[in-house]
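Student: As input, take input.pdb (PDB, C-alpha atoms):
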ATOM      1  CA  MET S  23       2.627 -11.597  20.287
ATOM      2  CA  ALA S  24       0.296 -11.838  17.318
ATOM      3  CA  PRO S  25       1.623 -13.440  14.114
ATOM      4  CA  PRO S  26       2.630 -11.179  11.197
ATOM      5  CA  ALA S  27      -0.172 -10.288   8.815
ATOM      6  CA  ASN S  28       0.719 -12.763   6.077
ATOM      7  CA  ASN S  29       1.029 -15.593   8.603
ATOM      8  CA  LEU S  30      -2.350 -14.736  10.050
ATOM      9  CA  LEU S  31      -3.974 -14.602   6.656
ATOM     10  CA  ILE S  32      -2.681 -18.016   5.663
ATOM     11  CA  SER S  33      -3.811 -19.560   8.933
ATOM     12  CA  CYS S  34      -7.283 -18.136   8.329
ATOM     13  CA  ILE S  35      -7.417 -19.657   4.852
ATOM     14  CA  LEU S  36      -6.444 -23.061   6.147
ATOM     15  CA  PHE S  37      -8.806 -22.777   9.116
ATOM     16  CA  CYS S  38     -11.822 -22.075   6.938
ATOM     17  CA  CYS S  39     -11.066 -24.866   4.487
ATOM     18  CA  LEU S  40     -10.058 -27.516   6.986
ATOM     19  CA  ILE S  41     -13.080 -27.068   9.221
ATOM     20  CA  ALA S  42     -15.304 -28.239   6.389
ATOM     21  CA  VAL S  43     -13.170 -31.169   5.337
ATOM     22  CA  SER S  44     -10.992 -32.465   8.162
ATOM     23  CA  GLU S  45     -11.269 -34.188  11.476
ATOM     24  CA  ALA S  46      -8.364 -35.317  13.630
ATOM     25  CA  GLU S  47      -9.121 -38.886  14.584
ATOM     26  CA  ALA S  48      -7.022 -39.114  17.747
ATOM     27  CA  GLN S  49      -7.512 -35.612  19.146
ATOM     28  CA  PRO S  50     -10.527 -34.469  21.195
ATOM     29  CA  SER S  51     -10.242 -30.874  19.956
ATOM     30  CA  PHE S  52      -9.303 -29.164  16.711
ATOM     31  CA  ARG S  53      -6.965 -26.167  16.698
ATOM     32  CA  PRO S  54      -5.727 -24.519  13.493
ATOM     33  CA  LYS S  55      -2.004 -23.810  13.241
ATOM     34  CA  ALA S  56      -0.450 -20.676  11.762
ATOM     35  CA  LEU S  57       1.979 -20.992   8.872
ATOM     36  CA  ILE S  58       4.840 -18.786   7.706
ATOM     37  CA  LEU S  59       4.993 -18.769   3.923
ATOM     38  CA  PRO S  60       6.818 -16.683   1.293
ATOM     39  CA  VAL S  61       4.712 -14.250  -0.727
ATOM     40  CA  THR S  62       5.478 -13.338  -4.347
ATOM     41  CA  LYS S  63       4.013 -10.714  -6.662
ATOM     42  CA  ASP S  64       2.785 -11.751 -10.098
ATOM     43  CA  PRO S  65       4.190  -9.172 -12.560
ATOM     44  CA  SER S  66       1.311  -9.462 -15.027
ATOM     45  CA  THR S  67      -1.668  -9.276 -12.624
ATOM     46  CA  LEU S  68       0.115  -7.567  -9.655
ATOM     47  CA  GLN S  69      -1.582 -10.103  -7.378
ATOM     48  CA  TYR S  70       0.183 -11.381  -4.272
ATOM     49  CA  LEU S  71       0.596 -15.151  -4.349
ATOM     50  CA  THR S  72       1.739 -17.906  -2.042
ATOM     51  CA  GLN S  73       1.737 -21.685  -2.201
ATOM     52  CA  ILE S  74       0.685 -24.364   0.272
ATOM     53  CA  ASN S  75       0.880 -28.132   0.154
ATOM     54  CA  GLN S  76      -2.315 -29.936   1.129
ATOM     55  CA  ARG S  77      -3.978 -33.347   0.792
ATOM     56  CA  THR S  78      -2.400 -36.807   1.033
ATOM     57  CA  PRO S  79      -0.245 -37.269  -0.951
ATOM     58  CA  LEU S  80       0.741 -33.591  -0.872
ATOM     59  CA  VAL S  81      -0.285 -31.419  -3.811
ATOM     60  CA  PRO S  82       1.017 -27.832  -4.270
ATOM     61  CA  VAL S  83      -1.832 -25.296  -4.347
ATOM     62  CA  LYS S  84      -1.326 -21.653  -5.330
ATOM     63  CA  LEU S  85      -3.336 -19.027  -3.450
ATOM     64  CA  ALA S  86      -3.925 -15.319  -4.003
ATOM     65  CA  LEU S  87      -3.649 -13.196  -0.851
ATOM     66  CA  ASP S  88      -6.121 -10.398  -0.147
ATOM     67  CA  LEU S  89      -6.268  -9.019   3.397
ATOM     68  CA  GLY S  90      -9.277  -6.931   2.424
ATOM     69  CA  GLY S  91     -11.132  -9.797   0.796
ATOM     70  CA  GLN S  92     -14.473 -10.763   2.265
ATOM     71  CA  TYR S  93     -14.123 -14.520   1.756
ATOM     72  CA  LEU S  94     -11.258 -16.980   2.180
ATOM     73  CA  TRP S  95     -11.587 -20.147   0.171
ATOM     74  CA  VAL S  96      -9.889 -22.956  -1.753
ATOM     75  CA  ASP S  97     -11.565 -24.828  -4.597
ATOM     76  CA  CYS S  98     -11.912 -28.384  -3.278
ATOM     77  CA  GLU S  99     -14.413 -29.651  -5.850
ATOM     78  CA  GLN S 100     -12.328 -30.160  -8.986
ATOM     79  CA  GLY S 101      -9.986 -33.140  -8.894
ATOM     80  CA  TYR S 102      -9.698 -33.238  -5.114
ATOM     81  CA  VAL S 103      -8.195 -36.564  -4.028
ATOM     82  CA  SER S 104      -6.816 -37.121  -0.541
ATOM     83  CA  SER S 105      -6.529 -40.277   1.537
ATOM     84  CA  SER S 106      -6.578 -38.197   4.746
ATOM     85  CA  TYR S 107      -9.827 -36.385   3.940
ATOM     86  CA  LYS S 108     -12.533 -36.833   6.571
ATOM     87  CA  PRO S 109     -15.707 -34.723   6.806
ATOM     88  CA  ALA S 110     -16.564 -32.857  10.006
ATOM     89  CA  PRO S 111     -19.826 -34.373  11.363
ATOM     90  CA  CYS S 112     -22.638 -32.100  12.472
ATOM     91  CA  GLY S 113     -22.323 -31.394  16.207
ATOM     92  CA  SER S 114     -18.587 -32.154  16.301
ATOM     93  CA  ALA S 115     -15.933 -30.031  18.036
ATOM     94  CA  GLN S 116     -14.824 -28.645  14.669
ATOM     95  CA  CYS S 117     -18.339 -27.471  13.845
ATOM     96  CA  SER S 118     -18.690 -25.896  17.276
ATOM     97  CA  LEU S 119     -15.342 -24.108  16.958
ATOM     98  CA  ALA S 120     -16.397 -22.743  13.567
ATOM     99  CA  ASN S 121     -19.743 -21.607  14.996
ATOM    100  CA  SER S 122     -21.463 -23.401  12.129
ATOM    101  CA  LYS S 123     -25.257 -23.167  12.079
ATOM    102  CA  SER S 124     -25.888 -25.388   9.051
ATOM    103  CA  CYS S 125     -25.927 -29.141   8.553
ATOM    104  CA  THR S 126     -25.988 -30.880   5.167
ATOM    105  CA  ILE S 127     -28.548 -33.706   5.169
ATOM    106  CA  ALA S 128     -28.213 -34.916   1.598
ATOM    107  CA  CYS S 129     -25.548 -34.127  -0.989
ATOM    108  CA  LEU S 130     -26.085 -34.720  -4.693
ATOM    109  CA  PRO S 131     -24.849 -36.229  -6.895
ATOM    110  CA  SER S 132     -22.139 -37.761  -4.708
ATOM    111  CA  PRO S 133     -20.298 -36.843  -1.490
ATOM    112  CA  ARG S 134     -17.150 -34.749  -1.984
ATOM    113  CA  PRO S 135     -15.109 -32.129  -0.092
ATOM    114  CA  GLY S 136     -17.468 -29.313   0.839
ATOM    115  CA  CYS S 137     -20.544 -31.475   0.306
ATOM    116  CA  ASN S 138     -21.076 -34.532   2.483
ATOM    117  CA  ASN S 139     -24.051 -36.051   4.232
ATOM    118  CA  ASN S 140     -24.382 -35.087   7.913
ATOM    119  CA  THR S 141     -21.593 -32.488   7.756
ATOM    120  CA  CYS S 142     -21.563 -28.867   8.896
ATOM    121  CA  GLY S 143     -20.691 -25.907   6.722
ATOM    122  CA  LEU S 144     -20.264 -22.144   6.784
ATOM    123  CA  MET S 145     -19.187 -19.256   4.568
ATOM    124  CA  PRO S 146     -15.396 -18.705   4.971
ATOM    125  CA  GLU S 147     -15.381 -15.073   6.144
ATOM    126  CA  ASN S 148     -12.263 -12.970   6.681
ATOM    127  CA  THR S 149     -11.578 -13.337  10.407
ATOM    128  CA  VAL S 150      -8.982 -10.548  10.369
ATOM    129  CA  ASN S 151     -11.808  -8.027  10.238
ATOM    130  CA  PRO S 152     -15.294  -9.530  10.501
ATOM    131  CA  VAL S 153     -17.463  -6.562  11.494
ATOM    132  CA  SER S 154     -15.782  -3.132  11.336
ATOM    133  CA  THR S 155     -17.688  -0.409   9.508
ATOM    134  CA  SER S 156     -16.496   3.002   8.277
ATOM    135  CA  SER S 157     -18.324   6.266   8.891
ATOM    136  CA  ILE S 158     -19.075   6.607   5.171
ATOM    137  CA  HIS S 159     -20.375   3.048   4.959
ATOM    138  CA  ARG S 160     -24.051   2.355   5.542
ATOM    139  CA  ASP S 161     -24.910   2.095   9.213
ATOM    140  CA  GLY S 162     -24.452  -1.368  10.677
ATOM    141  CA  GLU S 163     -23.396  -3.024   7.431
ATOM    142  CA  PRO S 164     -20.384  -5.320   7.945
ATOM    143  CA  SER S 165     -17.294  -4.297   5.995
ATOM    144  CA  ALA S 166     -14.471  -6.470   4.670
ATOM    145  CA  ASP S 167     -11.922  -3.729   5.375
ATOM    146  CA  TYR S 168      -9.611  -3.388   8.378
ATOM    147  CA  PHE S 169      -9.891   0.130   9.813
ATOM    148  CA  ILE S 170      -7.275   2.228  11.620
ATOM    149  CA  GLY S 171      -7.789   5.718  13.037
ATOM    150  CA  VAL S 172      -6.098   8.163  10.660
ATOM    151  CA  LYS S 173      -6.363  11.656  12.203
ATOM    152  CA  SER S 174      -4.301  13.668   9.699
ATOM    153  CA  ILE S 175      -1.781  13.407   6.878
ATOM    154  CA  LYS S 176       1.632  15.102   6.791
ATOM    155  CA  ILE S 177       4.077  15.583   3.925
ATOM    156  CA  ASP S 178       7.658  16.292   5.053
ATOM    157  CA  ASP S 179       6.252  16.962   8.543
ATOM    158  CA  LYS S 180       3.806  19.582   7.232
ATOM    159  CA  ALA S 181       0.139  18.894   8.022
ATOM    160  CA  ILE S 182      -2.137  19.268   5.004
ATOM    161  CA  PRO S 183      -5.627  20.803   5.310
ATOM    162  CA  LEU S 184      -8.312  18.113   5.281
ATOM    163  CA  ASN S 185     -11.960  17.678   6.125
ATOM    164  CA  LYS S 186     -11.282  15.448   9.133
ATOM    165  CA  THR S 187     -14.846  14.146   9.227
ATOM    166  CA  LEU S 188     -13.947  12.162   6.080
ATOM    167  CA  LEU S 189     -11.045  10.392   7.749
ATOM    168  CA  SER S 190     -12.618   7.056   8.423
ATOM    169  CA  PRO S 191      -9.549   4.984   8.812
ATOM    170  CA  TYR S 192      -7.789   3.339   6.328
ATOM    171  CA  THR S 193      -4.158   4.130  -1.321
ATOM    172  CA  VAL S 194      -7.284   5.302  -2.852
ATOM    173  CA  LEU S 195      -8.285   8.725  -1.513
ATOM    174  CA  GLU S 196     -11.605  10.558  -1.451
ATOM    175  CA  THR S 197     -11.435  13.434  -3.972
ATOM    176  CA  SER S 198     -10.874  16.305  -1.528
ATOM    177  CA  ILE S 199      -8.218  14.329   0.374
ATOM    178  CA  HIS S 200      -6.526  13.316  -2.885
ATOM    179  CA  LYS S 201      -6.476  16.925  -4.079
ATOM    180  CA  ALA S 202      -4.935  18.134  -0.813
ATOM    181  CA  VAL S 203      -2.265  15.410  -0.861
ATOM    182  CA  VAL S 204      -1.368  15.994  -4.524
ATOM    183  CA  THR S 205      -1.255  19.786  -4.122
ATOM    184  CA  THR S 206       1.000  19.681  -1.062
ATOM    185  CA  PHE S 207       3.230  16.937  -2.466
ATOM    186  CA  ALA S 208       3.700  18.871  -5.730
ATOM    187  CA  LYS S 209       4.585  22.023  -3.780
ATOM    188  CA  GLU S 210       7.206  20.169  -1.740
ATOM    189  CA  LEU S 211       8.695  18.652  -4.914
ATOM    190  CA  SER S 212       8.407  21.787  -7.056
ATOM    191  CA  GLY S 213      12.054  21.647  -8.114
ATOM    192  CA  VAL S 214      11.545  18.456 -10.140
ATOM    193  CA  PRO S 215      10.144  18.673 -13.710
ATOM    194  CA  ARG S 216       6.608  17.287 -14.014
ATOM    195  CA  VAL S 217       5.346  15.255 -16.950
ATOM    196  CA  ALA S 218       1.831  14.383 -18.081
ATOM    197  CA  GLY S 219      -0.102  12.103 -15.748
ATOM    198  CA  VAL S 220      -0.249   8.402 -16.580
ATOM    199  CA  GLY S 221      -3.583   6.834 -15.604
ATOM    200  CA  PRO S 222      -4.705   6.165 -12.987
ATOM    201  CA  PHE S 223      -2.082   8.520 -11.497
ATOM    202  CA  GLU S 224      -2.343  12.307 -11.698
ATOM    203  CA  LEU S 225       1.018  13.514 -10.408
ATOM    204  CA  CYS S 226       4.011  12.289 -12.430
ATOM    205  CA  TYR S 227       7.640  13.388 -12.742
ATOM    206  CA  ASN S 228      10.702  12.988 -14.921
ATOM    207  CA  SER S 229      12.644  10.478 -12.839
ATOM    208  CA  VAL S 230      15.968  11.934 -14.009
ATOM    209  CA  GLY S 231      15.365  14.814 -11.609
ATOM    210  CA  ILE S 232      14.724  12.540  -8.616
ATOM    211  CA  GLY S 233      17.591  11.129  -6.617
ATOM    212  CA  SER S 234      17.773   7.726  -4.949
ATOM    213  CA  THR S 235      17.977   6.824  -1.266
ATOM    214  CA  ARG S 236      18.026   3.673   0.832
ATOM    215  CA  VAL S 237      14.233   3.927   1.121
ATOM    216  CA  GLY S 238      13.545   4.550  -2.560
ATOM    217  CA  PRO S 239      13.180   7.717  -4.652
ATOM    218  CA  ALA S 240      14.196  10.921  -2.839
ATOM    219  CA  VAL S 241      10.742  12.444  -2.496
ATOM    220  CA  PRO S 242       8.823  13.990   0.426
ATOM    221  CA  GLN S 243       7.829  11.437   3.054
ATOM    222  CA  ILE S 244       4.120  11.004   3.784
ATOM    223  CA  ASP S 245       2.879  10.374   7.324
ATOM    224  CA  LEU S 246      -0.515   8.927   8.192
ATOM    225  CA  VAL S 247      -0.980  10.326  11.696
ATOM    226  CA  LEU S 248      -3.010   8.048  13.961
ATOM    227  CA  GLN S 249      -4.275   8.512  17.525
ATOM    228  CA  SER S 250      -1.604  11.116  18.395
ATOM    229  CA  SER S 251       1.128  13.141  16.709
ATOM    230  CA  ASN S 252       3.665  10.645  18.037
ATOM    231  CA  VAL S 253       2.011   7.684  16.317
ATOM    232  CA  TYR S 254       2.257   7.717  12.547
ATOM    233  CA  TRP S 255       2.751   5.380   9.612
ATOM    234  CA  ARG S 256       5.567   6.862   7.509
ATOM    235  CA  ILE S 257       5.531   6.201   3.771
ATOM    236  CA  PHE S 258       8.843   6.673   1.959
ATOM    237  CA  GLY S 259       9.505   6.917  -1.773
ATOM    238  CA  ALA S 260       9.739   3.155  -2.286
ATOM    239  CA  ASN S 261       6.076   2.889  -1.284
ATOM    240  CA  SER S 262       4.720   6.252  -2.427
ATOM    241  CA  MET S 263       6.144   6.351  -5.967
ATOM    242  CA  VAL S 264       5.404   4.045  -8.900
ATOM    243  CA  GLN S 265       7.619   3.753 -11.975
ATOM    244  CA  VAL S 266       4.984   3.567 -14.714
ATOM    245  CA  LYS S 267       7.495   3.532 -17.575
ATOM    246  CA  SER S 268      11.105   4.350 -18.311
ATOM    247  CA  GLY S 269      11.952   7.805 -17.013
ATOM    248  CA  VAL S 270       8.566   8.437 -15.382
ATOM    249  CA  LEU S 271       7.733   8.205 -11.670
ATOM    250  CA  CYS S 272       4.205   8.860 -10.396
ATOM    251  CA  LEU S 273       2.767   9.438  -6.944
ATOM    252  CA  GLY S 274       0.958   6.146  -6.340
ATOM    253  CA  PHE S 275      -2.204   7.635  -4.840
ATOM    254  CA  VAL S 276      -5.461   7.434  -6.802
ATOM    255  CA  ASP S 277      -8.539   9.690  -6.808
ATOM    256  CA  GLY S 278     -11.369   7.507  -5.483
ATOM    257  CA  GLY S 279     -14.171   9.967  -6.297
ATOM    258  CA  VAL S 280     -16.411  12.162  -4.155
ATOM    259  CA  ASN S 281     -18.403   9.367  -2.512
ATOM    260  CA  PRO S 282     -16.186   6.293  -2.057
ATOM    261  CA  ARG S 283     -17.115   3.491   0.336
ATOM    262  CA  THR S 284     -14.156   4.487   2.523
ATOM    263  CA  ALA S 285     -12.264   7.782   2.410
ATOM    264  CA  ILE S 286      -8.773   6.237   2.441
ATOM    265  CA  VAL S 287      -7.801   2.747   1.276
ATOM    266  CA  ILE S 288      -4.150   1.792   1.722
ATOM    267  CA  GLY S 289      -3.068  -0.184  -1.326
ATOM    268  CA  GLY S 290      -0.754  -3.162  -1.639
ATOM    269  CA  HIS S 291       2.064  -1.032  -3.081
ATOM    270  CA  GLN S 292       2.120   1.076   0.077
ATOM    271  CA  VAL S 293       2.586  -1.943   2.366
ATOM    272  CA  GLU S 294       5.237  -3.832   0.383
ATOM    273  CA  ASP S 295       8.304  -4.445   2.568
ATOM    274  CA  ASN S 296       6.374  -3.200   5.603
ATOM    275  CA  LEU S 297       5.911  -5.595   8.523
ATOM    276  CA  LEU S 298       2.283  -5.576   9.686
ATOM    277  CA  GLN S 299       1.067  -7.334  12.814
ATOM    278  CA  PHE S 300      -2.630  -7.812  13.611
ATOM    279  CA  ASP S 301      -3.425  -8.158  17.311
ATOM    280  CA  LEU S 302      -7.036  -9.320  17.101
ATOM    281  CA  ALA S 303      -7.547  -9.632  20.853
ATOM    282  CA  ALA S 304      -6.550  -6.000  21.424
ATOM    283  CA  SER S 305      -7.989  -4.714  18.109
ATOM    284  CA  ARG S 306      -4.585  -3.237  17.364
ATOM    285  CA  LEU S 307      -2.421  -2.971  14.239
ATOM    286  CA  GLY S 308       1.361  -2.856  14.494
ATOM    287  CA  PHE S 309       3.495  -1.603  11.609
ATOM    288  CA  SER S 310       7.206  -1.124  10.950
ATOM    289  CA  SER S 311       7.251   1.395   8.086
ATOM    290  CA  SER S 312       9.636   0.395   5.287
ATOM    291  CA  LEU S 313      12.094  -2.357   6.169
ATOM    292  CA  LEU S 314      14.441  -0.764   3.629
ATOM    293  CA  SER S 315      15.342   1.767   6.337
ATOM    294  CA  ARG S 316      16.714  -1.200   8.290
ATOM    295  CA  GLN S 317      18.643  -2.397   5.232
ATOM    296  CA  THR S 318      16.482  -5.462   4.771
ATOM    297  CA  THR S 319      13.371  -6.590   2.882
ATOM    298  CA  CYS S 320      10.587  -9.107   3.349
ATOM    299  CA  SER S 321      12.268 -11.305   0.729
ATOM    300  CA  ASN S 322      15.250 -11.743   3.076
ATOM    301  CA  PHE S 323      13.130 -13.523   5.673
ATOM    302  CA  ASN S 324      14.605 -16.925   6.557
ATOM    303  CA  PHE S 325      11.706 -19.310   5.902
ATOM    304  CA  THR S 326      13.806 -22.367   6.783
ATOM    305  CA  SER S 327      14.699 -21.200  10.298
ATOM    306  CA  THR S 328      13.254 -23.163  13.213
ATOM    307  CA  ALA S 329      14.185 -20.522  15.782
TER     308      ALA S 329
END
Could you render the structure from this file as structure tokens?

Tutor:
Amino acid sequence: MAPPANNLLISCILFCCLIAVSEAEAQPSFRPKALILPVTKDPSTLQYLTQINQRTPLVPVKLALDLGGQYLWVDCEQGYVSSSYKPAPCGSAQCSLANSKSCTIACLPSPRPGCNNNTCGLMPENTVNPVSTSSIHRDGEPSADYFIGVKSIKIDDKAIPLNKTLLSPYTVLETSIHKAVVTTFAKELSGVPRVAGVGPFELCYNSVGIGSTRVGPAVPQIDLVLQSSNVYWRIFGANSMVQVKSGVLCLGFVDGGVNPRTAIVIGGHQVEDNLLQFDLAASRLGFSSSLLSRQTTCSNFNFTSTA
């Protein structure tokens, strides 16, 4: 079973950093280990953060998580002190595992993590999705996005009319898709008073007229239908609606314009409290929909368990 998405992301970050700076003295091979770490959301920047301890003695290092980011890196140049630091020599097992093609001959002004004589190096690319390319993207150009095959979108089990040629998988929506989603959603929620849109959101409501459920505001559910009608990612109110201010709830889907890089981009808000699992070997994404339906949240995960 593949590790959950956050675990996988952290292991990739450590893998890319440690290849450049570490070598196990007593082991003939180097294998990165996955970590399970809590993720928090910064209220001012809305970035997802976690913290690792690295170096000897251990120093806490905060990291921002971005599954769609092209590069994974940690700044090792400023104030990096570690008694266990050892560079990875050119031609070593670590360099081979990283598929490094470069070798530093001379480093000025002085050797340091990331810059040492006779050490290999590489750009720390996102190994979750190294090469996938959308149909709207330029032919053959690597993309930093992870693509899934969205075939249609339903609101309260009603399919909405879309130009399906735009549905390169993967919540920013291409203009025509956004318009169709907003129009159908508004029709299904016509009994609730609307208020003026609050940028960047177009469709907003007086929250007094919206009830509450276990899975968030009582609004129409949105299904991203994948390879068949039986396989869909269901988005409930907790992930579809955003409270932009007191008394105002907005549909958290943004118009991405008529010529976006990808037609649909699932945002961080839509995956909060959803369990995602990346099976890289099978090129498969597993998802749970909202954990709120199971009366739990990601924050309830027991990070101290050894089971």

Student: Would you kindly return, as a VMD selection string, each protein, DNA or RNA residue with an atom no farther than 12 Å from any atom of Thr318 in chain S, considering all atoms listed in the file and excluding same-chain residues fewer than 4 positions away?

Tutor: chain S and resid 236 to 237 295 to 297 310 to 314 322 to 324

Student: Would you kindly translate the PyMOL selection byres ((chain S and resi 139) around 9) into the concrete residues it picks from this file, as a list in words?

Tutor: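 Checking the PyMOL selection byres ((chain S and resi 139) around 9) against this file, the residues are Pro109, Pro111, Cys125, Thr126, Ile127, Ala128, Cys129, Pro133, Cys137, Asn138, Asn140, Thr141 and Cys142 of chain S.
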
Student: Go through S:Ser174, S:Gln292, S:Thr193, S:Ser234 one by one, measure the shortest atom-to-atom distance of each to Leu248 in chain S using only C-alpha atoms, and give the residue with the smallest value.

Tutor: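 Comparing S:Ser174, S:Gln292, S:Thr193, S:Ser234 against Leu248 in chain S, the winner is S:Ser174.
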
Student: Pick out the closest residue to Gly233 in chain S from this set: S:Pro82, S:Gly259, S:Gly143, S:Pro282. Count all atoms listed in the file.

Tutor: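 Ranked by minimum distance to Gly233 in chain S, first place goes to S:Gly259.
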
Student: What does the PyMOL selection byres ((chain S and resi 84) around 8) select in this file, as number ranges by chain?

Tutor: S: 71-74, 82-83, 85-86

Student: Do you have the CA of Val96 in chain S-CA of Glu294 in chain S distance handy?

Tutor: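 CA of Val96 in chain S sits 24.5 Å away from CA of Glu294 in chain S.
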
Student: Can you list what the PyMOL selection byres ((chain S and resi 195-200) around 6) grabs from this structure, as an mmCIF file with C-alpha atoms, keeping the file's coordinate frame?

Tutor:
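Final output, saved to expr.cif:
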data_model
loop_
_atom_site.group_PDB
_atom_site.id
_atom_site.type_symbol
_atom_site.label_atom_id
_atom_site.label_comp_id
_atom_site.auth_asym_id
_atom_site.auth_seq_id
_atom_site.Cartn_x
_atom_site.Cartn_y
_atom_site.Cartn_z
ATOM 1 C CA VAL S 194 -7.284 5.302 -2.852
ATOM 2 C CA LYS S 201 -6.476 16.925 -4.079
ATOM 3 C CA ALA S 202 -4.935 18.134 -0.813
ATOM 4 C CA VAL S 203 -2.265 15.410 -0.861
ATOM 5 C CA ASP S 277 -8.539 9.690 -6.808
ATOM 6 C CA GLY S 278 -11.369 7.507 -5.483
ATOM 7 C CA GLY S 279 -14.171 9.967 -6.297
ATOM 8 C CA VAL S 280 -16.411 12.162 -4.155
ATOM 9 C CA ALA S 285 -12.264 7.782 2.410
ATOM 10 C CA ILE S 286 -8.773 6.237 2.441
#

Student: What gap, in Å, lies between CA of Thr284 in chain S and CA of Pro222 in chain S?

Tutor: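 One can read the CA of Thr284 in chain S to CA of Pro222 in chain S distance as 18.2 Å.
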
Student: Which residues are near Ile182 in chain S? Cut-off 7 Å, all atoms listed in the file, ignore same chain within fewer than 4 positions. Put them as an MDAnalysis selection string.

Tutor: chainID S and resid 175:176 202 206

Student: Which residues are near Gly269 in chain S? Cut-off 9 Å, all atoms listed in the file, ignore same chain within fewer than 3 positions. Put them as a list in words.

Tutor: Tyr227, Asn228, Ser229, Val230, Gln265 and Val266 of chain S

Student: Have a look at S:Asn75, S:Ser114, S:Ser305, S:Ser106 and name the one nearest to Ile170 in chain S; count only C-alpha atoms.

Tutor: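 Nearest to Ile170 in chain S: S:Ser305.
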
Student: Using only C-alpha atoms, pick whichever of S:Thr62, S:Gly290, S:Arg306, S:Met263 has the shortest atom-to-atom distance to Phe223 in chain S.

Tutor: S:Met263

Student: For a test of reading the model, state the distance in Å between CA of Lys108 in chain S and CA of Val61 in chain S, rounded to one decimal.

Tutor: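 Straight-line distance from CA of Lys108 in chain S to CA of Val61 in chain S works out to 29.3 Å.
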
Student: Could you work out an axis-aligned bounding box for all listed atoms of range 69-84 of chain S, with 8 Å added on each of the six sides, and give its centre and edge lengths in Å to one decimal, as lines of an AutoDock Vina configuration file?

Tutor:
center_x = -1.1
center_y = -23.7
center_z = -3.1
size_x = 21.7
size_y = 43.2
size_z = 24.5
